[in-house]
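Source file data_10.txt; content: compact mmCIF, C-alpha atoms.
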```txt
# COMPACT_ATOMS: atom_id res chain seq x y z
CA MET A 62 122.01 -123.35 113.94
CA GLY A 63 119.68 -120.33 113.83
CA VAL A 64 120.29 -117.00 115.43
CA ASP A 65 118.06 -115.12 117.81
CA VAL A 66 117.66 -112.00 115.69
CA ALA A 67 115.37 -110.30 118.19
CA ALA A 68 117.91 -110.70 120.98
CA LEU A 69 120.75 -109.56 118.75
CA TYR A 70 118.69 -106.60 117.63
CA ALA A 71 117.97 -105.62 121.21
CA GLU A 72 121.63 -105.95 122.09
CA HIS A 73 123.29 -104.24 119.14
CA TYR A 74 120.79 -101.99 117.37
CA ALA A 75 121.55 -98.77 119.25
CA ALA A 76 125.33 -99.04 118.96
CA LEU A 77 125.19 -100.07 115.32
CA PHE A 78 122.83 -97.25 114.38
CA ARG A 79 124.91 -94.70 116.26
CA TYR A 80 128.07 -95.98 114.58
CA VAL A 81 126.61 -95.78 111.07
CA VAL A 82 125.20 -92.30 111.69
CA ARG A 83 128.65 -91.19 112.81
CA LEU A 84 130.23 -92.90 109.84
CA THR A 85 127.92 -91.32 107.27
CA GLY A 86 126.30 -88.30 108.87
CA ASP A 87 123.03 -89.53 107.43
CA GLY A 88 120.31 -90.93 109.69
CA ASP A 89 118.18 -92.20 106.80
CA LEU A 90 121.02 -94.03 105.16
CA ALA A 91 122.00 -95.44 108.56
CA ALA A 92 118.47 -96.73 109.14
CA ASP A 93 118.51 -98.41 105.72
CA ALA A 94 121.93 -99.90 106.29
CA VAL A 95 121.07 -101.23 109.73
CA GLN A 96 117.81 -102.75 108.49
CA GLU A 97 119.58 -104.35 105.56
CA THR A 98 122.27 -105.66 107.89
CA PHE A 99 119.72 -107.38 110.12
CA THR A 100 117.96 -108.72 107.03
CA ARG A 101 121.20 -110.35 105.95
CA LEU A 102 121.70 -111.65 109.47
CA LEU A 103 118.33 -113.33 109.26
CA GLU A 104 118.97 -114.74 105.79
CA LYS A 105 122.54 -115.93 106.20
CA PRO A 106 123.86 -115.65 109.73
CA PRO A 107 127.61 -115.64 110.35
CA ARG A 108 129.32 -118.92 111.06
CA ASP A 109 131.40 -117.72 113.99
CA ASP A 110 130.28 -116.38 117.35
CA ASN A 111 131.39 -112.79 116.95
CA THR A 112 128.10 -111.54 115.61
CA LYS A 113 128.67 -107.99 116.81
CA ALA A 114 131.80 -107.60 114.71
CA TRP A 115 130.03 -109.26 111.79
CA LEU A 116 127.14 -106.78 112.02
CA PHE A 117 129.47 -103.76 112.12
CA THR A 118 131.54 -105.00 109.22
CA VAL A 119 128.55 -105.80 107.05
CA ALA A 120 127.00 -102.40 107.82
CA THR A 121 130.30 -100.67 107.05
CA ASN A 122 130.59 -102.44 103.72
CA LEU A 123 126.99 -101.62 102.84
CA VAL A 124 127.57 -97.97 103.57
CA ARG A 125 130.74 -97.96 101.52
CA SER A 126 128.95 -99.41 98.54
CA TRP A 127 125.98 -97.06 98.89
CA SER A 128 128.00 -93.92 99.56
CA ASN A 129 130.45 -94.35 96.78
CA SER A 130 129.61 -90.97 95.43
CA ARG A 131 131.27 -88.40 97.65
CA GLN A 132 129.17 -85.69 96.07
CA ARG A 133 125.99 -87.38 97.16
CA ARG A 134 127.36 -87.73 100.66
CA ARG A 135 128.26 -84.05 100.78
CA GLU A 136 124.67 -83.15 99.91
CA LEU A 137 123.44 -85.51 102.60
CA LEU A 138 125.85 -84.02 105.10
CA ASP A 139 124.59 -80.53 104.46
CA GLU A 140 121.03 -81.71 105.00
CA ALA A 141 121.92 -83.67 108.11
CA ALA A 142 123.78 -80.79 109.70
CA THR A 143 120.74 -78.56 109.67
CA ARG A 144 118.31 -81.06 111.13
CA VAL A 145 116.68 -80.23 114.41
CA PRO A 146 118.27 -82.35 117.13
CA THR A 147 115.92 -84.72 118.88
CA GLY A 148 118.19 -85.76 121.70
CA ASP A 149 118.67 -82.42 123.41
CA ALA A 150 116.54 -79.99 125.32
CA PRO A 151 115.38 -76.93 123.34
CA ARG A 152 118.08 -74.30 122.97
CA THR A 153 118.17 -70.69 121.96
CA PRO A 154 118.40 -69.96 118.23
CA GLU A 155 121.96 -68.74 118.74
CA ALA A 156 122.97 -71.88 120.61
CA GLU A 157 121.21 -73.97 117.99
CA ALA A 158 123.09 -72.24 115.21
CA GLY A 159 126.37 -72.72 117.05
CA ALA A 160 125.65 -76.40 117.63
CA ASN A 161 124.73 -76.92 113.99
CA GLU A 162 127.88 -75.19 112.87
CA LEU A 163 130.00 -77.36 115.16
CA ARG A 164 128.17 -80.48 113.99
CA LEU A 165 128.82 -79.58 110.38
CA THR A 166 132.48 -78.93 111.19
CA VAL A 167 132.79 -82.31 112.90
CA ARG A 168 131.03 -84.00 110.01
CA ARG A 169 133.30 -82.43 107.43
CA ALA A 170 136.41 -83.18 109.45
CA LEU A 171 135.42 -86.84 109.68
CA ASP A 172 134.69 -86.84 105.98
CA GLU A 173 138.14 -85.50 105.23
CA LEU A 174 139.69 -88.61 106.73
CA GLY A 175 140.34 -91.62 104.58
CA GLU A 176 137.61 -94.24 104.80
CA LYS A 177 139.83 -96.67 106.66
CA GLU A 178 140.93 -94.04 109.13
CA ARG A 179 137.35 -92.97 109.79
CA THR A 180 136.16 -96.54 110.19
CA ILE A 181 139.05 -97.39 112.50
CA LEU A 182 138.45 -94.35 114.67
CA LEU A 183 134.71 -94.95 114.96
CA MET A 184 135.06 -98.68 115.60
CA ARG A 185 137.49 -97.78 118.36
CA GLU A 186 134.81 -95.52 119.82
CA GLU A 187 132.47 -98.52 119.88
CA GLY A 188 134.98 -100.48 121.94
CA PHE A 189 136.32 -102.93 119.38
CA SER A 190 139.79 -104.31 120.00
CA HIS A 191 142.65 -103.43 117.66
CA ARG A 192 142.56 -107.03 116.43
CA GLU A 193 138.88 -106.79 115.55
CA ILE A 194 139.36 -103.45 113.85
CA ALA A 195 142.32 -104.76 111.88
CA ASP A 196 140.31 -107.75 110.72
CA ALA A 197 137.39 -105.55 109.71
CA VAL A 198 139.38 -103.12 107.58
CA GLY A 199 141.97 -105.54 106.30
CA THR A 200 145.11 -104.25 107.93
CA THR A 201 147.56 -105.43 110.57
CA THR A 202 146.91 -105.07 114.28
CA GLY A 203 150.13 -103.09 114.63
CA SER A 204 149.09 -100.45 112.13
CA VAL A 205 145.74 -99.76 113.82
CA GLY A 206 147.39 -97.67 116.54
CA THR A 207 149.38 -95.73 113.97
CA MET A 208 146.26 -94.97 111.95
CA ILE A 209 144.35 -93.90 115.06
CA ALA A 210 147.14 -91.49 116.02
CA ARG A 211 147.36 -90.15 112.47
CA ALA A 212 143.59 -89.69 112.27
CA LEU A 213 143.57 -87.82 115.60
CA ASP A 214 146.38 -85.56 114.35
CA LYS A 215 144.43 -84.79 111.17
CA LEU A 216 141.25 -84.08 113.10
CA ALA A 217 143.13 -81.82 115.49
CA GLU A 218 143.94 -79.56 112.53
CA ARG A 219 140.23 -79.03 111.91
CA LEU A 220 138.55 -79.50 115.28
CA PRO A 221 139.13 -77.98 118.72
CA LEU A 222 140.74 -81.11 120.12
CA ASP A 223 143.62 -79.20 121.67
CA ALA A 224 141.77 -76.09 122.79
CA GLY A 225 140.71 -75.42 126.36
CA ASP A 226 137.15 -76.52 125.91
CA VAL A 227 135.10 -78.32 123.34
CA MET B 95 168.21 -102.52 119.68
CA ARG B 96 166.85 -103.16 123.14
CA LEU B 97 163.22 -102.13 123.72
CA GLU B 98 164.13 -99.93 126.70
CA ARG B 99 166.29 -97.68 124.58
CA GLN B 100 163.70 -97.02 121.92
CA THR B 101 161.26 -94.16 122.07
CA PRO B 102 157.77 -95.69 121.84
CA GLU B 103 156.05 -95.01 118.54
CA ASP B 104 152.51 -93.73 118.18
CA ALA B 105 151.16 -97.24 117.68
CA ALA B 106 152.56 -98.32 121.05
CA LEU B 107 151.21 -95.20 122.75
CA VAL B 108 147.72 -95.78 121.38
CA ARG B 109 147.86 -99.43 122.43
CA TYR B 110 148.89 -98.23 125.89
CA LEU B 111 145.96 -95.82 126.11
CA ASP B 112 143.55 -98.49 124.86
CA GLY B 113 144.79 -101.12 127.29
CA GLU B 114 146.06 -103.29 124.45
CA SER B 115 149.79 -103.32 125.17
CA PRO B 116 151.54 -106.57 125.94
CA ALA B 117 153.04 -106.49 129.44
CA GLY B 118 156.58 -105.68 128.29
CA GLU B 119 155.47 -102.88 126.02
CA ARG B 120 153.21 -101.43 128.70
CA ALA B 121 156.06 -101.20 131.18
CA HIS B 122 158.30 -99.72 128.50
CA VAL B 123 155.78 -97.01 127.62
CA ALA B 124 155.14 -96.19 131.28
CA ALA B 125 158.85 -95.88 131.94
CA ALA B 126 159.40 -93.77 128.84
CA ALA B 127 156.53 -91.48 129.81
CA ALA B 128 158.00 -91.08 133.28
CA SER B 129 161.47 -90.23 132.05
CA ASP B 130 160.90 -88.48 128.73
CA PRO B 131 158.71 -85.35 128.73
CA GLY B 132 158.28 -85.70 124.97
CA VAL B 133 156.69 -89.12 125.35
CA ALA B 134 154.53 -87.96 128.26
CA ASP B 135 153.40 -84.98 126.21
CA ARG B 136 152.52 -87.11 123.19
CA LEU B 137 150.58 -89.55 125.38
CA ASP B 138 148.77 -86.63 126.94
CA THR B 139 147.96 -85.22 123.51
CA LEU B 140 146.59 -88.50 122.18
CA GLN B 141 144.50 -89.02 125.31
CA ARG B 142 143.15 -85.47 125.26
CA ARG B 143 142.29 -85.63 121.57
CA SER B 144 140.54 -88.96 122.04
CA ASP B 145 138.50 -87.61 124.94
CA ARG B 146 137.52 -84.43 123.15
CA LEU B 147 136.62 -86.28 119.98
CA ARG B 148 134.29 -88.39 122.12
CA VAL B 149 132.56 -85.24 123.33
CA LEU B 150 132.25 -83.88 119.78
CA LEU B 151 130.86 -87.16 118.50
CA ALA B 152 128.27 -87.05 121.25
CA GLY B 153 127.17 -83.75 119.68
CA GLU B 154 126.89 -85.53 116.33
CA ASP B 155 124.56 -88.00 118.04
CA ALA B 156 121.95 -85.26 118.40
CA GLN B 157 120.52 -86.64 115.17
CA LEU B 158 119.71 -89.91 116.84
CA PRO B 159 116.32 -90.64 118.31
CA ARG B 160 116.05 -89.80 121.99
CA GLY B 161 117.71 -92.47 124.09
CA LEU B 162 119.95 -93.87 121.38
CA ALA B 163 122.50 -91.11 121.75
CA THR B 164 123.46 -92.22 125.24
CA PHE B 165 127.03 -93.38 125.20
CA THR B 166 127.43 -96.79 126.70
CA PRO B 167 130.97 -97.93 127.33
CA ALA B 168 131.59 -100.79 124.99
CA THR B 169 133.48 -103.83 126.09
CA ARG B 170 136.55 -105.02 124.27
CA GLY B 171 136.49 -108.70 123.53
CA PRO B 172 138.99 -111.19 122.24
CA GLU B 173 136.72 -112.47 119.51
CA SER B 174 137.94 -112.71 115.97
CA ILE B 175 136.20 -111.56 112.85
CA ALA B 176 138.71 -113.04 110.49
CA ASP B 177 135.92 -114.50 108.40
CA VAL B 178 134.51 -111.11 107.52
CA ARG B 179 136.57 -109.15 105.07
CA TRP B 180 136.78 -105.54 104.00
CA VAL B 181 135.07 -105.06 100.66
CA GLN B 182 136.51 -102.58 98.23
CA PRO B 183 133.96 -100.11 96.86
CA GLU B 184 134.57 -101.09 93.29
CA GLU B 185 134.06 -104.74 94.06
CA THR B 186 130.88 -105.97 92.42
CA ALA B 187 131.30 -109.71 92.32
CA ALA B 188 128.90 -111.95 94.14
CA GLY B 189 129.58 -112.30 97.83
CA THR B 190 131.65 -115.31 98.51
CA MET B 191 133.11 -114.98 101.94
CA ASP B 192 132.05 -116.75 105.07
CA GLY B 193 130.56 -113.58 106.47
CA GLU B 194 128.13 -113.61 103.56
CA ILE B 195 128.62 -110.04 102.52
CA VAL B 196 126.44 -110.46 99.48
CA PRO B 197 126.70 -108.69 96.15
CA LEU B 198 127.28 -105.02 96.41
CA ARG B 199 124.73 -102.97 94.62
CA PRO B 200 123.67 -99.37 94.28
CA ARG B 201 121.14 -98.10 96.74
CA ASP B 202 118.18 -99.40 94.81
CA THR B 203 114.73 -98.19 95.77
CA ARG B 204 113.01 -100.49 93.30
CA ARG B 205 112.85 -103.61 95.35
CA ALA B 206 110.75 -106.60 94.39
CA SER B 207 107.52 -107.05 96.28
CA ALA B 208 108.82 -110.22 97.89
CA VAL B 209 111.59 -108.18 99.39
CA TRP B 210 109.07 -105.70 100.75
CA LEU B 211 107.02 -108.48 102.27
CA ARG B 212 110.12 -109.88 103.87
CA ALA B 213 111.09 -106.42 105.08
CA ALA B 214 107.62 -105.90 106.54
CA ALA B 215 107.87 -109.17 108.42
CA ILE B 216 111.25 -108.21 109.73
CA ALA B 217 110.02 -104.74 110.64
CA LEU B 218 107.26 -106.31 112.72
CA LEU B 219 109.81 -108.53 114.41
CA VAL B 220 112.03 -105.56 114.94
CA VAL B 221 109.25 -103.47 116.51
CA VAL B 222 108.43 -106.27 118.92
CA ALA B 223 112.10 -106.62 119.74
CA ALA B 224 112.48 -102.86 120.02
CA LEU B 225 109.82 -102.70 122.68
CA THR B 226 112.05 -104.81 124.87
CA VAL B 227 114.80 -102.19 124.69
CA ALA B 228 114.26 -99.41 127.20
CA PRO B 229 115.71 -96.51 125.17
CA VAL B 230 113.83 -97.50 122.04
CA ARG B 231 110.64 -98.07 124.01
CA ALA B 232 111.05 -94.63 125.56
CA TRP B 233 111.54 -93.11 122.11
CA ILE B 234 108.44 -94.82 120.71
CA PHE B 235 106.32 -93.80 123.71
CA ASP B 236 107.61 -90.27 123.42
CA GLY B 237 106.58 -90.14 119.78
CA LEU B 238 103.14 -91.54 120.50
CA GLU B 239 102.67 -89.04 123.27
CA ARG B 240 103.64 -86.18 121.00
CA VAL B 241 100.98 -87.09 118.46
CA GLY B 242 98.37 -87.53 121.18
CA LEU B 243 98.03 -91.30 120.99
CA LEU B 244 99.34 -91.87 124.45
CA ARG B 245 98.86 -90.07 127.71
CA GLY B 246 100.69 -91.03 130.80
CA PRO B 247 103.91 -90.77 132.67
CA THR B 248 107.13 -90.64 130.67
CA PRO B 249 108.93 -93.97 130.83
CA PRO B 250 111.95 -93.82 133.09
CA ALA B 251 115.27 -92.86 131.55
CA PRO B 252 117.52 -95.79 130.71
CA VAL B 253 119.83 -96.73 133.50
CA VAL B 254 123.44 -96.67 132.44
CA PRO B 255 125.47 -99.09 134.52
CA VAL B 256 128.25 -97.77 136.67
CA ASP B 257 131.68 -98.77 135.45
CA THR B 258 134.71 -98.89 137.67
CA LEU B 259 138.23 -98.28 136.50
CA GLY B 260 141.14 -98.79 138.85
CA ILE B 261 144.90 -98.48 138.71
CA SER B 262 147.40 -99.24 141.42
CA GLY B 263 151.08 -99.18 142.10
CA PHE B 264 151.77 -95.99 140.19
CA ALA B 265 154.99 -94.15 140.99
CA LEU B 266 154.97 -91.83 143.98
CA ALA B 267 156.91 -88.59 144.23
CA GLN B 268 157.54 -87.07 147.64
CA ALA B 269 155.58 -84.03 146.47
CA PHE B 270 152.66 -85.75 144.78
CA THR B 271 150.21 -83.85 142.60
CA ILE B 272 146.65 -84.81 141.75
CA GLU B 273 145.33 -82.76 138.85
CA VAL B 274 141.67 -82.76 137.83
CA ASP B 275 141.15 -81.34 134.34
CA HIS B 276 137.69 -79.87 134.79
CA ARG B 277 134.94 -79.21 137.24
CA GLN B 278 131.97 -81.40 136.33
CA LEU B 279 128.20 -81.68 136.49
CA GLU B 280 128.49 -83.65 139.69
CA GLY B 281 130.85 -85.94 141.53
CA ARG B 282 133.69 -85.69 143.99
CA LEU B 283 137.28 -86.54 144.54
CA VAL B 284 138.26 -88.39 147.68
CA VAL B 285 141.91 -88.34 148.64
CA ARG B 286 142.51 -91.06 151.18
CA ILE B 287 145.77 -91.14 153.09
CA ALA B 288 146.20 -94.51 154.72
CA ASP B 289 148.70 -96.94 156.12
CA VAL B 290 149.08 -98.86 152.87
CA GLN B 291 152.03 -99.97 150.78
CA ASP B 292 150.82 -99.08 147.29
CA SER B 293 149.11 -96.17 145.68
CA GLU B 294 145.69 -96.82 144.23
CA ALA B 295 143.14 -94.86 142.23
CA GLU B 296 139.64 -95.80 141.28
CA LEU B 297 136.93 -94.06 139.33
CA HIS B 298 133.25 -94.82 139.14
CA THR B 299 131.60 -93.58 136.00
CA ARG B 300 128.39 -93.89 134.06
CA GLY B 301 130.05 -94.08 130.69
CA GLY B 302 131.49 -90.58 130.65
CA GLY B 303 134.84 -91.61 129.23
CA GLU B 304 136.88 -90.38 132.19
CA SER B 305 140.32 -91.85 132.79
CA PHE B 306 143.51 -91.60 134.78
CA PHE B 307 146.80 -90.49 133.37
CA VAL B 308 149.94 -91.21 135.33
CA LEU B 309 152.37 -88.31 135.32
CA PRO B 310 156.00 -88.39 136.43
CA GLU B 311 155.15 -86.65 139.70
CA GLY B 312 151.50 -87.32 140.15
CA LEU B 313 148.22 -88.38 138.71
CA ARG B 314 145.98 -86.57 136.29
CA ILE B 315 142.24 -87.16 136.20
CA VAL B 316 141.02 -86.71 132.64
CA ASN B 317 137.39 -85.66 132.75
CA HIS B 318 135.11 -83.13 131.10
CA GLU B 319 132.46 -80.66 132.12
CA ALA B 320 129.62 -83.12 131.60
CA SER B 321 131.25 -85.80 133.75
CA MET B 322 129.41 -87.27 136.72
CA ALA B 323 132.11 -89.62 137.95
CA ASN B 324 133.55 -90.05 141.43
CA TYR B 325 137.24 -90.62 142.05
CA VAL B 326 139.04 -92.16 145.00
CA VAL B 327 142.81 -91.84 145.24
CA THR B 328 144.53 -93.71 148.04
CA LEU B 329 148.08 -92.74 148.92
CA PRO B 330 150.40 -94.12 151.60
CA LEU B 331 151.58 -92.21 154.62
CA GLY B 332 155.08 -90.82 154.37
CA LEU B 333 154.81 -88.49 151.40
CA ARG B 334 156.04 -84.98 152.04
CA SER B 335 153.04 -83.25 150.50
CA ILE B 336 150.05 -83.83 148.27
CA HIS B 337 148.85 -81.07 145.98
CA VAL B 338 145.33 -81.17 144.65
CA ARG B 339 144.60 -78.97 141.63
CA ILE B 340 141.10 -78.74 140.25
CA ALA B 341 140.45 -77.13 136.88
CA GLY B 342 143.68 -75.17 137.22
CA VAL B 343 142.10 -72.98 139.89
CA VAL B 344 141.88 -74.70 143.22
CA ASP B 345 145.30 -75.56 144.58
CA THR B 346 145.25 -77.28 147.93
CA THR B 347 148.26 -78.70 149.71
CA LEU B 348 147.76 -81.60 152.07
CA VAL B 349 150.40 -82.72 154.53
CA PRO B 350 149.86 -86.41 155.07
CA ALA B 351 150.95 -86.70 158.67
CA ALA B 352 148.24 -89.14 159.70
CA ALA B 353 145.60 -91.31 158.12
CA ALA B 354 142.86 -89.07 156.85
CA GLU B 355 140.26 -88.66 154.16
CA HIS B 356 139.83 -85.42 152.24
CA VAL B 357 136.77 -84.88 150.09
CA PHE B 358 136.65 -82.34 147.27
CA SER B 359 133.45 -81.48 145.47
CA LEU B 360 134.00 -81.28 141.72
CA ARG B 361 130.66 -79.69 140.92
CA ASN B 362 130.56 -76.67 138.66
```
As structure tokens, please, write out the structure in this file.
Amino acid sequence: MGVDVAALYAEHYAALFRYVVRLTGDGDLAADAVQETFTRLLEKPPRDDNTKAWLFTVATNLVRSWSNSRQRRRELLDEAATRVPTGDAPRTPEAEAGANELRLTVRRALDELGEKERTILLMREEGFSHREIADAVGTTTGSVGTMIARALDKLAERLPLDAGDV
Amino acid sequence: MRLERQTPEDAALVRYLDGESPAGERAHVAAAAASDPGVADRLDTLQRRSDRLRVLLAGEDAQLPRGLATFTPATRGPESIADVRWVQPEETAAGTMDGEIVPLRPRDTRRASAVWLRAAAIALLVVVAALTVAPVRAWIFDGLERVGLLRGPTPPAPVVPVDTLGISGFALAQAFTIEVDHRQLEGRLVVRIADVQDSEAELHTRGGGESFFVLPEGLRIVNHEASMANYVVTLPLGLRSIHVRIAGVVDTTLVPAAAAEHVFSLRN
């Protein structure tokens, strides 16, 4: 049975792209990964009905294979952090610098997490259940909560998650 | 050891916050949070860190094209992805699993022409599909307008559906406190005192990530400065007093002698 790629694209593209950008800090790599993911969907669609989870897992695995070099990712992160935002209204140079600095801090804090922890945290942000996350990263459902809590604790050491305001 | 005597571990607390606890565990965590300040504090910490991380990640999304950065609350589903497995980075064998995660390869820019043709066909398909998605369409139109290829009104902003979150039957102290973390962009808090049996709280949000947090002697509304949600808290007659604290500044005491409705603006 074929899949309606256009409908799936319309439904999942934005969330998948956002997720991969958050995962990698690299918009170009995310665009490549998402395109490749939909290509694979077209070529060999999944056999079960949970296409959304399939898309996210395939994209995650692609990114992992492409970003194997942490050095390369660090270079990409530094580039990405200084890009001009396209989603916000223009800001003052000072505010822009502050936002870039915070973005870089967030990016580096995420990068300091283990890959599983980062993936688990970001899949949680996209609304996946603990069962789906566990299946995607190859762990038990029970340990997902532990890893989320541990990842939040680690991030809190580097990010203002406990301060008065973000 | 009986469940009631154990202090809930982090995994159980996160499941509680994510709405994934089985019924018994949920009641156990709620009871532990009500009786043990350490548990309540840890729950509070995990919730606060989750909420603030969400705000920081939204800042990360500034790299996304306009419209794609909008956070849409995702739904949690019971589906299984057991057929798709996690691939180790060093794994290079041909893809063999049901999910068809095909051979891993380096990011190769030297693709065969057939691949490019296929990619071009898909890109065309994708563009057509993209035009059916309001945020993407808005982004494309915006780009065309910037380079002078399109003149006309800006397409309307994508409409984010309103989500409703409700809780009921939370414990009531005679001196009940409603705490709102922050003032927000817009929105209001309605405290309704009525001839009802159970307490009830409801929030209406457009994907801002707001939530309720039940405290031993009250209810905390977890929001942030960019929130635009409305909150309705219904409490029964008979309480001695109701304290409403907003952003740690406003402190109003209501005496619920008769059915009434009190409205608080939460705007900055």
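The space separating CA of Tyr70 in chain A from CA of Leu150 in chain B comes to 26.5 Å.
Here CA of Gln291 in chain B is placed at a distance of 14.4 Å from CA of Gln268 in chain B.
CA of Ile181 in chain A to CA of Phe78 in chain A spans 16.3 Å [interatomic distance, one decimal].
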(message) Can you pull out the residues contacting range 119-121 of chain A? Cut-off 7 Å, using all atoms listed in the file, and skip same-chain residues under 4 positions away; I want them as a list in words.
(response) Ala94, Val95, Thr98, Trp115 and Arg125 of chain A; Ile195 of chain B
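When all atoms listed in the file are used to measure the gap to Asp275 in chain B, the shortest distance among B:Ala320, B:Leu147, B:Ile315, B:Leu140 belongs to B:Ile315.
Residue nearest Ser293 in chain B, chosen from B:Val316, B:Ala267, B:Leu279, B:Val327 and counting all atoms listed in the file: B:Val327.
With all atoms listed in the file as the atoms that count, the residue of B:Arg143, B:Asn317, B:Glu311, B:Pro330 with the shortest distance to Pro131 in chain B is B:Glu311.
Residue neighbourhood of Arg361 in chain B, excluding near-sequence residues (fewer than 3 positions): B:Val274, B:His276, B:Arg277, B:Gln278, B:Leu279, B:Glu280, B:Gly281, B:Arg282, B:Leu283, B:His318, B:Glu319, B:Ala320, B:Ser321, B:Met322, B:Ala323, B:Asn324, B:Ile340, B:Ala341, B:Phe358, at 12 Å, using only C-alpha atoms.
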(request) Would you list the residues near (132.6, -73.3, 117.8), meaning any protein, DNA or RNA residue with an atom at most 9 Å from that point in file coordinates, counting all atoms listed in the file, as an NGL selection string? (result) :A and (159-160 or 162-163 or 166 or 220-221 or 227)
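Remark: for chain B, the closest of the candidate residues A:Tyr80, A:Thr202, A:Ala114, A:Arg179 is A:Ala114 (distances computed over all atoms listed in the file).
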Write out as AutoDock Vina command-line options an axis-aligned box for range 171-188 of chain A: all of its atoms listed in the file, 6 Å added on each side, centre and edge lengths in Å with one decimal.
```
--center_x 136.7 --center_y -93.0 --center_z 113.3 --size_x 20.5 --size_y 27.0 --size_z 29.4
```
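Using all atoms listed in the file, the nearest neighbour of Arg339 in chain B within the list B:Asp292, B:Gln100, B:Gly303, B:Glu273 is B:Glu273.
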Within-12 Å shell of (119.6, -118.4, 117.6) in input frame, all atoms listed in the file, as an mmCIF file with C-alpha atoms, keeping the file's coordinate frame:
```cif
data_model
loop_
_atom_site.group_PDB
_atom_site.id
_atom_site.type_symbol
_atom_site.label_atom_id
_atom_site.label_comp_id
_atom_site.auth_asym_id
_atom_site.auth_seq_id
_atom_site.Cartn_x
_atom_site.Cartn_y
_atom_site.Cartn_z
ATOM 1 C CA MET A 62 122.010 -123.350 113.940
ATOM 2 C CA GLY A 63 119.680 -120.330 113.830
ATOM 3 C CA VAL A 64 120.290 -117.000 115.430
ATOM 4 C CA ASP A 65 118.060 -115.120 117.810
ATOM 5 C CA VAL A 66 117.660 -112.000 115.690
ATOM 6 C CA ALA A 67 115.370 -110.300 118.190
ATOM 7 C CA ALA A 68 117.910 -110.700 120.980
ATOM 8 C CA LEU A 69 120.750 -109.560 118.750
ATOM 9 C CA TYR A 70 118.690 -106.600 117.630
ATOM 10 C CA LEU A 102 121.700 -111.650 109.470
ATOM 11 C CA LEU A 103 118.330 -113.330 109.260
ATOM 12 C CA PRO A 106 123.860 -115.650 109.730
ATOM 13 C CA PRO A 107 127.610 -115.640 110.350
ATOM 14 C CA ARG A 108 129.320 -118.920 111.060
ATOM 15 C CA ASP A 110 130.280 -116.380 117.350
ATOM 16 C CA THR A 112 128.100 -111.540 115.610
#
```
(message) Using only C-alpha atoms, can you tell me which of A:Arg169, A:His73, A:Arg192, A:Lys215 comes closest to chain B?
(response) A:Arg192
